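Engineer: Just data.cif, nothing more (mmCIF, C-alpha atoms and all ligand atoms):
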```cif
data_target
loop_
_atom_site.group_PDB
_atom_site.id
_atom_site.type_symbol
_atom_site.label_atom_id
_atom_site.label_comp_id
_atom_site.auth_asym_id
_atom_site.auth_seq_id
_atom_site.Cartn_x
_atom_site.Cartn_y
_atom_site.Cartn_z
ATOM 1 C CA MET A 1 32.719 0.925 13.611
ATOM 2 C CA SER A 2 30.145 -0.919 15.667
ATOM 3 C CA ALA A 3 27.446 -2.704 13.681
ATOM 4 C CA SER A 4 24.795 -1.279 16.025
ATOM 5 C CA LEU A 5 25.429 2.184 14.648
ATOM 6 C CA LEU A 6 24.635 1.015 11.160
ATOM 7 C CA HIS A 7 21.697 -1.290 11.744
ATOM 8 C CA ASN A 8 18.641 -0.744 13.893
ATOM 9 C CA SER A 9 17.065 -3.743 15.532
ATOM 10 C CA ILE A 10 13.538 -2.407 15.183
ATOM 11 C CA PRO A 11 10.933 -5.173 14.711
ATOM 12 C CA ALA A 12 9.973 -5.817 11.106
ATOM 13 C CA ALA A 13 6.208 -5.629 11.390
ATOM 14 C CA ALA A 14 3.968 -3.352 13.358
ATOM 15 C CA ASP A 15 1.067 -5.026 15.144
ATOM 16 C CA ASN A 16 -1.070 -4.423 18.215
ATOM 17 C CA THR A 17 1.712 -5.562 20.528
ATOM 18 C CA THR A 18 4.310 -3.193 19.048
ATOM 19 C CA ALA A 19 5.186 0.012 20.882
ATOM 20 C CA VAL A 20 3.551 3.232 19.765
ATOM 21 C CA VAL A 21 6.121 5.741 18.505
ATOM 22 C CA LEU A 22 3.889 8.629 17.531
ATOM 23 C CA GLU A 23 0.547 9.634 18.908
ATOM 24 C CA CYS A 24 -1.625 12.623 17.952
ATOM 25 C CA GLN A 25 -4.339 13.168 20.554
ATOM 26 C CA ASN A 26 -7.213 15.538 19.728
ATOM 27 C CA LEU A 27 -4.790 17.462 17.561
ATOM 28 C CA THR A 28 -6.166 20.788 16.385
ATOM 29 C CA LYS A 29 -4.583 23.468 14.231
ATOM 30 C CA ALA A 30 -6.051 26.887 13.498
ATOM 31 C CA TYR A 31 -4.257 29.560 11.481
ATOM 32 C CA PRO A 32 -5.066 33.156 12.411
ATOM 33 C CA MET A 33 -6.998 35.094 9.785
ATOM 34 C CA PRO A 34 -7.640 38.825 9.355
ATOM 35 C CA LYS A 35 -10.192 40.521 11.627
ATOM 36 C CA GLY A 36 -9.472 38.167 14.524
ATOM 37 C CA LEU A 37 -10.906 35.129 12.740
ATOM 38 C CA SER A 38 -9.153 31.780 12.417
ATOM 39 C CA TYR A 39 -9.076 28.987 9.861
ATOM 40 C CA VAL A 40 -9.357 25.606 11.545
ATOM 41 C CA VAL A 41 -7.351 23.229 9.342
ATOM 42 C CA LEU A 42 -7.390 20.118 11.568
ATOM 43 C CA GLU A 43 -9.754 19.410 14.421
ATOM 44 C CA ASN A 44 -9.457 16.715 17.085
ATOM 45 C CA LEU A 45 -7.332 14.478 14.886
ATOM 46 C CA GLN A 46 -6.395 11.124 16.435
ATOM 47 C CA LEU A 47 -3.496 9.159 15.032
ATOM 48 C CA SER A 48 -1.331 6.421 16.455
ATOM 49 C CA ILE A 49 1.702 5.001 14.648
ATOM 50 C CA ALA A 50 3.498 1.874 15.820
ATOM 51 C CA GLN A 51 7.206 1.223 15.791
ATOM 52 C CA GLY A 52 8.431 0.053 12.416
ATOM 53 C CA GLU A 53 5.286 1.075 10.555
ATOM 54 C CA PHE A 54 5.392 2.888 7.215
ATOM 55 C CA VAL A 55 2.303 5.070 7.002
ATOM 56 C CA SER A 56 1.260 7.252 4.079
ATOM 57 C CA ILE A 57 -1.160 10.145 4.248
ATOM 58 C CA ILE A 58 -3.226 11.100 1.232
ATOM 59 C CA GLY A 59 -5.932 13.724 0.818
ATOM 60 C CA HIS A 60 -6.942 16.610 -1.377
ATOM 61 C CA SER A 61 -4.709 19.604 -1.818
ATOM 62 C CA GLY A 62 -5.085 22.006 1.079
ATOM 63 C CA CYS A 63 -6.640 19.506 3.524
ATOM 64 C CA GLY A 64 -3.770 19.953 5.975
ATOM 65 C CA LYS A 65 -1.274 17.160 5.301
ATOM 66 C CA SER A 66 1.810 19.399 5.356
ATOM 67 C CA THR A 67 0.424 21.242 8.358
ATOM 68 C CA LEU A 68 0.191 17.907 10.193
ATOM 69 C CA LEU A 69 3.712 16.845 9.211
ATOM 70 C CA SER A 70 5.234 20.230 10.076
ATOM 71 C CA MET A 71 3.657 20.043 13.540
ATOM 72 C CA ILE A 72 5.130 16.562 14.059
ATOM 73 C CA ALA A 73 8.478 17.962 12.865
ATOM 74 C CA GLY A 74 8.138 20.659 15.533
ATOM 75 C CA LEU A 75 8.283 23.414 12.933
ATOM 76 C CA ASN A 76 4.687 24.596 13.344
ATOM 77 C CA PRO A 77 3.012 25.177 16.739
ATOM 78 C CA ILE A 78 -0.097 23.181 17.568
ATOM 79 C CA SER A 79 -3.328 24.950 18.567
ATOM 80 C CA GLY A 80 -4.838 22.177 20.691
ATOM 81 C CA GLY A 81 -4.364 18.577 21.763
ATOM 82 C CA ASN A 82 -1.035 16.804 21.915
ATOM 83 C CA ILE A 83 1.629 15.174 19.786
ATOM 84 C CA LEU A 84 3.647 12.573 21.672
ATOM 85 C CA LEU A 85 6.863 11.089 20.300
ATOM 86 C CA ASN A 86 7.954 8.064 22.302
ATOM 87 C CA GLY A 87 5.538 9.268 24.996
ATOM 88 C CA ALA A 88 6.946 12.801 25.311
ATOM 89 C CA PRO A 89 5.254 15.942 23.940
ATOM 90 C CA ILE A 90 6.952 17.504 20.932
ATOM 91 C CA LYS A 91 8.263 20.937 21.841
ATOM 92 C CA GLY A 92 10.252 21.848 18.707
ATOM 93 C CA PRO A 93 12.431 20.350 16.018
ATOM 94 C CA GLY A 94 14.987 17.715 16.998
ATOM 95 C CA PRO A 95 17.307 15.024 15.644
ATOM 96 C CA ASP A 96 14.877 12.310 16.760
ATOM 97 C CA ARG A 97 12.967 13.212 13.570
ATOM 98 C CA GLY A 98 14.517 12.819 10.131
ATOM 99 C CA VAL A 99 12.711 15.050 7.661
ATOM 100 C CA ILE A 100 12.742 14.573 3.897
ATOM 101 C CA PHE A 101 11.121 17.432 1.991
ATOM 102 C CA GLN A 102 10.219 17.651 -1.690
ATOM 103 C CA SER A 103 13.405 19.647 -2.193
ATOM 104 C CA PRO A 104 16.362 18.464 -0.091
ATOM 105 C CA SER A 105 17.810 22.001 0.448
ATOM 106 C CA LEU A 106 21.436 20.876 0.477
ATOM 107 C CA LEU A 107 24.268 23.335 0.946
ATOM 108 C CA PRO A 108 25.307 23.623 -2.723
ATOM 109 C CA TRP A 109 28.993 24.326 -2.154
ATOM 110 C CA MET A 110 29.446 21.274 0.063
ATOM 111 C CA SER A 111 29.960 17.704 -1.131
ATOM 112 C CA ALA A 112 27.332 14.991 -0.704
ATOM 113 C CA LEU A 113 29.411 13.595 2.152
ATOM 114 C CA GLU A 114 29.769 16.965 3.889
ATOM 115 C CA ASN A 115 26.029 17.576 3.651
ATOM 116 C CA VAL A 116 25.268 14.265 5.352
ATOM 117 C CA LEU A 117 28.034 14.860 7.897
ATOM 118 C CA LEU A 118 26.369 18.092 9.070
ATOM 119 C CA GLY A 119 23.669 16.082 10.840
ATOM 120 C CA VAL A 120 25.876 13.096 11.705
ATOM 121 C CA ASN A 121 28.471 15.309 13.425
ATOM 122 C CA GLN A 122 25.745 16.862 15.557
ATOM 123 C CA VAL A 123 24.043 13.613 16.573
ATOM 124 C CA PHE A 124 27.174 11.453 16.916
ATOM 125 C CA SER A 125 29.510 14.124 18.312
ATOM 126 C CA HIS A 126 30.786 11.561 20.852
ATOM 127 C CA GLU A 127 32.028 9.264 18.062
ATOM 128 C CA SER A 128 35.418 9.524 16.341
ATOM 129 C CA LYS A 129 35.802 11.476 13.102
ATOM 130 C CA LEU A 130 36.411 8.204 11.256
ATOM 131 C CA THR A 131 33.227 6.621 12.603
ATOM 132 C CA ARG A 132 31.187 9.684 11.644
ATOM 133 C CA HIS A 133 32.685 9.574 8.165
ATOM 134 C CA ASP A 134 31.829 5.868 7.910
ATOM 135 C CA ILE A 135 28.215 6.456 8.954
ATOM 136 C CA ALA A 136 27.734 9.196 6.337
ATOM 137 C CA ALA A 137 29.516 7.192 3.621
ATOM 138 C CA TYR A 138 27.527 4.052 4.493
ATOM 139 C CA TYR A 139 24.142 5.733 4.016
ATOM 140 C CA LEU A 140 25.245 7.482 0.836
ATOM 141 C CA SER A 141 26.347 4.138 -0.571
ATOM 142 C CA ARG A 142 23.034 2.561 0.464
ATOM 143 C CA VAL A 143 21.223 5.059 -1.760
ATOM 144 C CA GLY A 144 23.602 4.423 -4.658
ATOM 145 C CA LEU A 145 25.955 7.385 -4.254
ATOM 146 C CA GLU A 146 29.156 5.540 -3.342
ATOM 147 C CA ASP A 147 30.877 7.072 -6.373
ATOM 148 C CA ALA A 148 29.592 10.593 -5.728
ATOM 149 C CA LEU A 149 30.603 11.153 -2.099
ATOM 150 C CA HIS A 150 32.876 14.074 -2.964
ATOM 151 C CA LYS A 151 30.762 15.685 -5.659
ATOM 152 C CA LYS A 152 29.465 19.128 -4.788
ATOM 153 C CA ALA A 153 25.715 19.189 -4.189
ATOM 154 C CA LYS A 154 25.315 21.856 -6.888
ATOM 155 C CA ASP A 155 26.744 19.419 -9.456
ATOM 156 C CA LEU A 156 24.289 16.626 -8.609
ATOM 157 C CA SER A 157 21.058 15.976 -10.533
ATOM 158 C CA GLN A 158 17.778 16.568 -8.739
ATOM 159 C CA GLY A 159 17.347 12.827 -8.203
ATOM 160 C CA MET A 160 20.864 12.495 -6.772
ATOM 161 C CA GLN A 161 20.273 15.462 -4.490
ATOM 162 C CA GLN A 162 17.157 13.766 -3.160
ATOM 163 C CA ARG A 163 19.215 10.601 -2.612
ATOM 164 C CA VAL A 164 21.525 12.708 -0.436
ATOM 165 C CA GLY A 165 18.427 13.976 1.384
ATOM 166 C CA ILE A 166 17.351 10.382 2.078
ATOM 167 C CA ALA A 167 20.843 9.396 3.258
ATOM 168 C CA ARG A 168 20.967 12.485 5.502
ATOM 169 C CA ALA A 169 17.651 11.594 7.149
ATOM 170 C CA PHE A 170 18.549 7.930 7.792
ATOM 171 C CA ALA A 171 22.109 8.679 8.919
ATOM 172 C CA ILE A 172 21.028 10.509 12.063
ATOM 173 C CA LYS A 173 19.178 7.347 13.193
ATOM 174 C CA PRO A 174 15.923 9.166 14.007
ATOM 175 C CA SER A 175 12.970 7.661 15.892
ATOM 176 C CA ILE A 176 10.756 8.587 12.982
ATOM 177 C CA LEU A 177 11.120 9.652 9.363
ATOM 178 C CA LEU A 178 8.837 12.397 8.083
ATOM 179 C CA LEU A 179 8.548 12.563 4.306
ATOM 180 C CA ASP A 180 6.633 15.421 2.676
ATOM 181 C CA GLU A 181 6.011 14.475 -0.962
ATOM 182 C CA PRO A 182 9.662 13.403 -1.249
ATOM 183 C CA PHE A 183 9.455 12.495 -4.932
ATOM 184 C CA GLY A 184 6.964 15.134 -6.040
ATOM 185 C CA MET A 185 9.446 17.089 -8.154
ATOM 186 C CA LEU A 186 10.969 14.129 -9.992
ATOM 187 C CA ASP A 187 10.134 12.652 -13.392
ATOM 188 C CA SER A 188 8.363 9.299 -13.263
ATOM 189 C CA LEU A 189 11.417 7.144 -14.004
ATOM 190 C CA THR A 190 13.597 8.872 -11.386
ATOM 191 C CA ARG A 191 10.675 8.753 -8.993
ATOM 192 C CA ALA A 192 10.395 4.964 -9.348
ATOM 193 C CA GLU A 193 14.159 4.566 -8.882
ATOM 194 C CA LEU A 194 14.089 6.704 -5.747
ATOM 195 C CA GLN A 195 11.116 4.772 -4.340
ATOM 196 C CA ASP A 196 13.111 1.569 -4.829
ATOM 197 C CA SER A 197 16.160 3.098 -3.115
ATOM 198 C CA LEU A 198 14.095 4.391 -0.217
ATOM 199 C CA LEU A 199 12.471 0.998 0.218
ATOM 200 C CA GLU A 200 15.828 -0.761 0.019
ATOM 201 C CA VAL A 201 17.367 1.277 2.827
ATOM 202 C CA TRP A 202 14.112 1.304 4.811
ATOM 203 C CA ASN A 203 13.882 -2.522 4.641
ATOM 204 C CA ARG A 204 17.203 -2.731 6.459
ATOM 205 C CA GLU A 205 16.365 -0.183 9.138
ATOM 206 C CA LYS A 206 12.565 -0.328 9.488
ATOM 207 C CA ILE A 207 12.506 3.195 10.901
ATOM 208 C CA THR A 208 8.929 4.280 11.599
ATOM 209 C CA ALA A 209 7.906 6.517 8.702
ATOM 210 C CA VAL A 210 5.106 8.943 7.878
ATOM 211 C CA MET A 211 4.925 10.063 4.269
ATOM 212 C CA ILE A 212 2.661 12.530 2.507
ATOM 213 C CA THR A 213 1.970 11.704 -1.108
ATOM 214 C CA HIS A 214 -0.499 12.473 -3.869
ATOM 215 C CA ASP A 215 0.427 9.256 -5.668
ATOM 216 C CA VAL A 216 -1.800 6.328 -4.686
ATOM 217 C CA ASP A 217 0.481 3.739 -6.330
ATOM 218 C CA GLU A 218 3.434 5.099 -4.353
ATOM 219 C CA ALA A 219 1.384 4.938 -1.156
ATOM 220 C CA ILE A 220 0.463 1.277 -1.776
ATOM 221 C CA PHE A 221 3.973 0.265 -2.829
ATOM 222 C CA LEU A 222 5.672 1.741 0.235
ATOM 223 C CA SER A 223 3.146 1.582 3.068
ATOM 224 C CA ASP A 224 1.757 -0.718 5.705
ATOM 225 C CA ARG A 225 -1.164 1.656 6.159
ATOM 226 C CA VAL A 226 -2.631 4.491 4.109
ATOM 227 C CA ILE A 227 -4.468 7.220 5.984
ATOM 228 C CA MET A 228 -7.041 9.171 4.004
ATOM 229 C CA MET A 229 -7.776 12.679 5.218
ATOM 230 C CA THR A 230 -11.091 14.404 4.666
ATOM 231 C CA SER A 231 -11.054 17.791 2.958
ATOM 232 C CA GLY A 232 -10.744 20.831 5.176
ATOM 233 C CA PRO A 233 -11.644 22.905 6.986
ATOM 234 C CA ARG A 234 -11.683 20.861 10.202
ATOM 235 C CA ALA A 235 -10.080 17.900 8.438
ATOM 236 C CA GLN A 236 -10.100 14.515 10.107
ATOM 237 C CA ILE A 237 -8.997 11.011 9.243
ATOM 238 C CA GLY A 238 -11.732 9.804 6.899
ATOM 239 C CA ASP A 239 -10.618 6.243 6.265
ATOM 240 C CA VAL A 240 -7.650 3.918 6.782
ATOM 241 C CA LEU A 241 -6.470 1.178 4.431
ATOM 242 C CA ASN A 242 -4.171 -1.584 5.637
ATOM 243 C CA ILE A 243 -1.825 -2.860 2.930
ATOM 244 C CA HIS A 244 -1.241 -6.571 3.438
ATOM 245 C CA LEU A 245 1.581 -7.071 0.961
ATOM 246 C CA ASP A 246 4.610 -9.094 2.024
ATOM 247 C CA ARG A 247 7.969 -7.396 2.529
ATOM 248 C CA PRO A 248 10.484 -7.012 1.085
ATOM 249 C CA ARG A 249 8.482 -5.759 -1.862
ATOM 250 C CA GLU A 250 9.399 -5.773 -5.517
ATOM 251 C CA ARG A 251 7.612 -3.298 -7.781
ATOM 252 C CA LYS A 252 6.670 -5.927 -10.377
ATOM 253 C CA GLU A 253 5.260 -8.295 -7.771
ATOM 254 C CA VAL A 254 3.242 -5.500 -6.134
ATOM 255 C CA LEU A 255 1.798 -4.381 -9.484
ATOM 256 C CA GLU A 256 0.864 -7.969 -10.337
ATOM 257 C CA HIS A 257 -0.571 -8.765 -6.909
ATOM 258 C CA PRO A 258 -4.288 -9.644 -7.073
ATOM 259 C CA ASP A 259 -5.072 -7.146 -4.264
ATOM 260 C CA PHE A 260 -3.219 -4.221 -5.810
ATOM 261 C CA TYR A 261 -6.133 -2.964 -7.906
ATOM 262 C CA ASP A 262 -8.567 -3.341 -4.993
ATOM 263 C CA TYR A 263 -6.289 -1.156 -2.860
ATOM 264 C CA ARG A 264 -5.971 1.323 -5.697
ATOM 265 C CA GLY A 265 -9.741 1.369 -6.274
ATOM 266 C CA HIS A 266 -10.376 1.954 -2.561
ATOM 267 C CA LEU A 267 -8.027 4.970 -2.424
ATOM 268 C CA ILE A 268 -9.252 6.498 -5.674
ATOM 269 C CA ALA A 269 -12.905 6.043 -4.635
ATOM 270 C CA PHE A 270 -12.147 7.924 -1.403
ATOM 271 C CA LEU A 271 -10.439 10.768 -3.254
ATOM 272 C CA GLU A 272 -13.246 11.009 -5.813
ATOM 273 C CA GLY A 273 -16.018 10.595 -3.255
HETATM 274 N N1 LIG A 301 0.961 29.689 7.535
HETATM 275 C C1 LIG A 301 -0.316 29.611 7.148
HETATM 276 N N2 LIG A 301 -1.190 30.596 7.421
HETATM 277 C C2 LIG A 301 -2.480 30.518 7.057
HETATM 278 N N3 LIG A 301 -3.010 29.463 6.421
HETATM 279 C C3 LIG A 301 -2.188 28.462 6.106
HETATM 280 C C4 LIG A 301 -0.803 28.464 6.448
HETATM 281 N N4 LIG A 301 -0.241 27.321 6.013
HETATM 282 C C5 LIG A 301 -1.229 26.619 5.417
HETATM 283 N N5 LIG A 301 -2.390 27.299 5.473
HETATM 284 C C6 LIG A 301 -3.680 26.859 4.968
HETATM 285 O O1 LIG A 301 -4.004 25.645 5.642
HETATM 286 C C7 LIG A 301 -4.616 24.734 4.746
HETATM 287 C C8 LIG A 301 -3.836 23.438 4.745
HETATM 288 O O2 LIG A 301 -2.565 23.668 4.109
HETATM 289 P P1 LIG A 301 -1.499 22.484 3.932
HETATM 290 O O3 LIG A 301 -0.349 23.042 3.177
HETATM 291 O O4 LIG A 301 -1.247 21.873 5.233
HETATM 292 O O5 LIG A 301 -2.334 21.464 3.023
HETATM 293 P P2 LIG A 301 -1.835 20.183 2.210
HETATM 294 O O6 LIG A 301 -2.886 19.142 2.387
HETATM 295 O O7 LIG A 301 -0.464 19.825 2.588
HETATM 296 O O8 LIG A 301 -1.860 20.744 0.715
HETATM 297 P P3 LIG A 301 -1.014 20.259 -0.573
HETATM 298 O O9 LIG A 301 -1.437 18.855 -0.848
HETATM 299 O O10 LIG A 301 -1.458 21.210 -1.647
HETATM 300 O O11 LIG A 301 0.436 20.398 -0.234
HETATM 301 C C9 LIG A 301 -4.692 25.424 3.391
HETATM 302 O O12 LIG A 301 -5.966 25.995 3.255
HETATM 303 C C10 LIG A 301 -3.629 26.492 3.494
HETATM 304 O O13 LIG A 301 -3.960 27.604 2.691
#
```
Is it possible to express this structure as structure tokens?
Ligand SMILES: Nc1ncnc2c1ncn2[C@@H]1O[C@H](COP(=O)(O)OP(=O)(O)OP(=O)(O)O)[C@@H](O)[C@H]1O
Structural biologist:
Amino acid sequence: MSASLLHNSIPAAADNTTAVVLECQNLTKAYPMPKGLSYVVLENLQLSIAQGEFVSIIGHSGCGKSTLLSMIAGLNPISGGNILLNGAPIKGPGPDRGVIFQSPSLLPWMSALENVLLGVNQVFSHESKLTRHDIAAYYLSRVGLEDALHKKAKDLSQGMQQRVGIARAFAIKPSILLLDEPFGMLDSLTRAELQDSLLEVWNREKITAVMITHDVDEAIFLSDRVIMMTSGPRAQIGDVLNIHLDRPRERKEVLEHPDFYDYRGHLIAFLEG
């Protein structure tokens, strides 16, 4: 198969000269309430994410993080403003967005390979069956599942199922990855292993990513930028922290980096403030 199908040539670092992939302009979301009232979760939120950036979003429970991500995914209608993906307004879900939820929701009776192929077959329908198989198998092997391609999803551990979820999202070669607390249900050891796997495959592809997390260490380890949301209602972006740690990153080096505890202190102070 052609190498271009397996490897993106997206620039490694996002800077001011890099193209904007995602833009939220005056984004507002209000949920209807009884008696004709509405609950304004987000109001006039502005957010711009450059190509190849890995951005995490943190904020208190209920501030509207999942609401924001679900609107970018096209699964939740916006109430005001705009969300532009590669300059075009988002009108609904689409394969240009790879979504990784806390629970991967695989089809339990299908193998790991078949689950990944569901998306690959749709997006690469013009490719041969062999090429589509190779794409799915490649991404499963990148997340450490080369020996589990034919195992049924129902027979995989929770961590392995989430690995399939990661492979499935990367394999469709989306413009942007949307991760909603992807490791929230895993024990701490599995969580660290999955973070390493995600980073390993992300380092090769540098697909623009937006991740919601409650874990400040995870946010620092994975991100170029951490966005801190104020508490709702009418949540906004309260602060932004740029993470200037070299890539590729190793967990031990990040934890021992002299700036790590400053970053951590900054994020925790915001959350406690
Ligand atoms: N479909 C809905 N209808 C009405 N209100 C909703 C709906 N979905 C979410 N909300 C409310 O909007 C607010 C934001 O919810 P959201 O799930 O986006 O927050 P969050 O920051 O992701 O929370 P958490 O960190 O706990 O996952 C909450 O007050 C929630 O109760």
Engineer: Which centre and which edge lengths, in Å to one decimal, describe the axis-aligned box that holds all listed atoms of ligand LIG 301 (chain A) after 5 Å is added on each side, as JSON?
Structural biologist:
```
{"center_x": -2.5, "center_y": 24.7, "center_z": 2.9, "size_x": 16.9, "size_y": 21.7, "size_z": 19.2}
```
Engineer: Which residues match the PyMOL selection byres (((chain A and resi 118) around 12) and not hetatm) in the file above, as a list of chain:residue names?
Structural biologist: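 Expected selection for the PyMOL selection byres (((chain A and resi 118) around 12) and not hetatm) here is A:Pro95, A:Leu106, A:Leu107, A:Met110, A:Ser111, A:Ala112, A:Leu113, A:Glu114, A:Asn115, A:Val116, A:Leu117, A:Gly119, A:Val120, A:Asn121, A:Gln122, A:Val123, A:Phe124, A:Ser125, A:Arg132, A:His133, A:Ile135, A:Ala136, A:Val164, A:Gly165, A:Ala167, A:Arg168, A:Ala169, A:Ala171, A:Ile172.
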Engineer: So, counting all atoms listed in the file, which residue among A:Cys63, A:Ile237, A:Leu194, A:Ala137 is closest to ligand LIG 301 (chain A)?
Structural biologist: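 Under the stated criterion, the closest residue is A:Cys63.
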Engineer: So, counting all atoms listed in the file, which residue among A:Ala50, A:Ala192, A:Leu145, A:Leu186 is closest to Gly87 of chain A?
Structural biologist: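 Nearest to Gly87 of chain A: A:Ala50.
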Engineer: Under the rule that all atoms listed in the file are counted, which of A:Gln46, A:Thr190, A:Ser197, A:Gln25 is the nearest residue to Gly238 of chain A?
Structural biologist: A:Gln46
Engineer: Would you kindly translate the PyMOL selection byres (((not hetatm)) within 10 of (chain A and resi 301)) into the concrete residues it picks from this file, as a PyMOL selection string?
Structural biologist: chain A and resi 29-33+38-42+57-71+76+180-181+212-214+229-235
Engineer: Hey, which of A:Pro108, A:Val99, A:Glu23, A:Ala269 ends up closest to Lys152 of chain A? Count only C-alpha atoms.
Structural biologist: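 Closest to Lys152 of chain A of all the choices is A:Pro108.
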Engineer: Check the smallest atom-to-atom distance from each of A:Asp147, A:Asp239, A:Glu250, A:Asp217 to Asp196 of chain A using only C-alpha atoms, then report the winner.
Structural biologist: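 Checking each of A:Asp147, A:Asp239, A:Glu250, A:Asp217 against Asp196 of chain A, counting only C-alpha atoms, the winner is A:Glu250.
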Engineer: Between atom CA of Glu218 of chain A and atom CA of Gln195 of chain A, what is the distance, to one decimal in Å?
Structural biologist: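 Distance reported for this atom pair: 7.7 Å.
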Engineer: Starting from the shown file, work through the PyMOL selection byres (((chain A and resi 47) around 10) and not hetatm) and note down what comes out as number ranges by chain.
Structural biologist: A: 22-27, 44-46, 48-49, 83, 227, 236-237
Engineer: Could you pull the residues within 12 Å of Phe260 of chain A, counting all atoms listed in the file, minus those fewer than 4 positions along the same chain, as an NGL selection string?
Structural biologist: :A and (216-221 or 242-245 or 251-256 or 264-267)
Engineer: Could you save those same residues with C-alpha atoms as a short mmCIF file (atom, residue, chain, number, x, y, z; two decimals), keeping the file's coordinate frame?
Structural biologist:
```
data_model
loop_
_atom_site.label_atom_id
_atom_site.label_comp_id
_atom_site.auth_asym_id
_atom_site.auth_seq_id
_atom_site.Cartn_x
_atom_site.Cartn_y
_atom_site.Cartn_z
CA VAL A 216 -1.80 6.33 -4.69
CA ASP A 217 0.48 3.74 -6.33
CA GLU A 218 3.43 5.10 -4.35
CA ALA A 219 1.38 4.94 -1.16
CA ILE A 220 0.46 1.28 -1.78
CA PHE A 221 3.97 0.26 -2.83
CA ASN A 242 -4.17 -1.58 5.64
CA ILE A 243 -1.82 -2.86 2.93
CA HIS A 244 -1.24 -6.57 3.44
CA LEU A 245 1.58 -7.07 0.96
CA ARG A 251 7.61 -3.30 -7.78
CA LYS A 252 6.67 -5.93 -10.38
CA GLU A 253 5.26 -8.30 -7.77
CA VAL A 254 3.24 -5.50 -6.13
CA LEU A 255 1.80 -4.38 -9.48
CA GLU A 256 0.86 -7.97 -10.34
CA ARG A 264 -5.97 1.32 -5.70
CA GLY A 265 -9.74 1.37 -6.27
CA HIS A 266 -10.38 1.95 -2.56
CA LEU A 267 -8.03 4.97 -2.42
#
```
Engineer: In terms of the shortest atom-to-atom distance over all atoms listed in the file, which of A:Pro104, A:Gly144, A:Gly74, A:Gly92 is closest to Pro182 of chain A?
Structural biologist: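 Smallest separation from Pro182 of chain A among the options: A:Pro104.
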Engineer: I'd like the neighbourhood of Ser175 of chain A as a PyMOL selection string, where a residue qualifies if any of its atoms comes within 10 Å (using only C-alpha atoms), though same-chain residues fewer than 2 positions away should be ignored.
Structural biologist: chain A and resi 21-22+51-52+85-86+95-98+170+172-173+177+207-209
Engineer: Can you measure atom CA of Trp202 of chain A to atom CA of Arg225 of chain A for me? One decimal in Å is fine.
Structural biologist: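 Straight-line distance from atom CA of Trp202 of chain A to atom CA of Arg225 of chain A works out to 15.3 Å.
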Engineer: Give me the residues near Ile166 of chain A as a list of chain:residue names, where near means some atom within 8 Å (using only C-alpha atoms) and where sequence neighbours in that chain fewer than 4 positions away do not count.
Structural biologist: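 What passes the distance filter is A:Ile100, A:Val143, A:Gln162, A:Phe170, A:Leu198.
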Engineer: What is the atom CA of Val201 of chain A-atom CA of Ser56 of chain A distance in Å, reported with one decimal?
Structural biologist: 17.2 Å
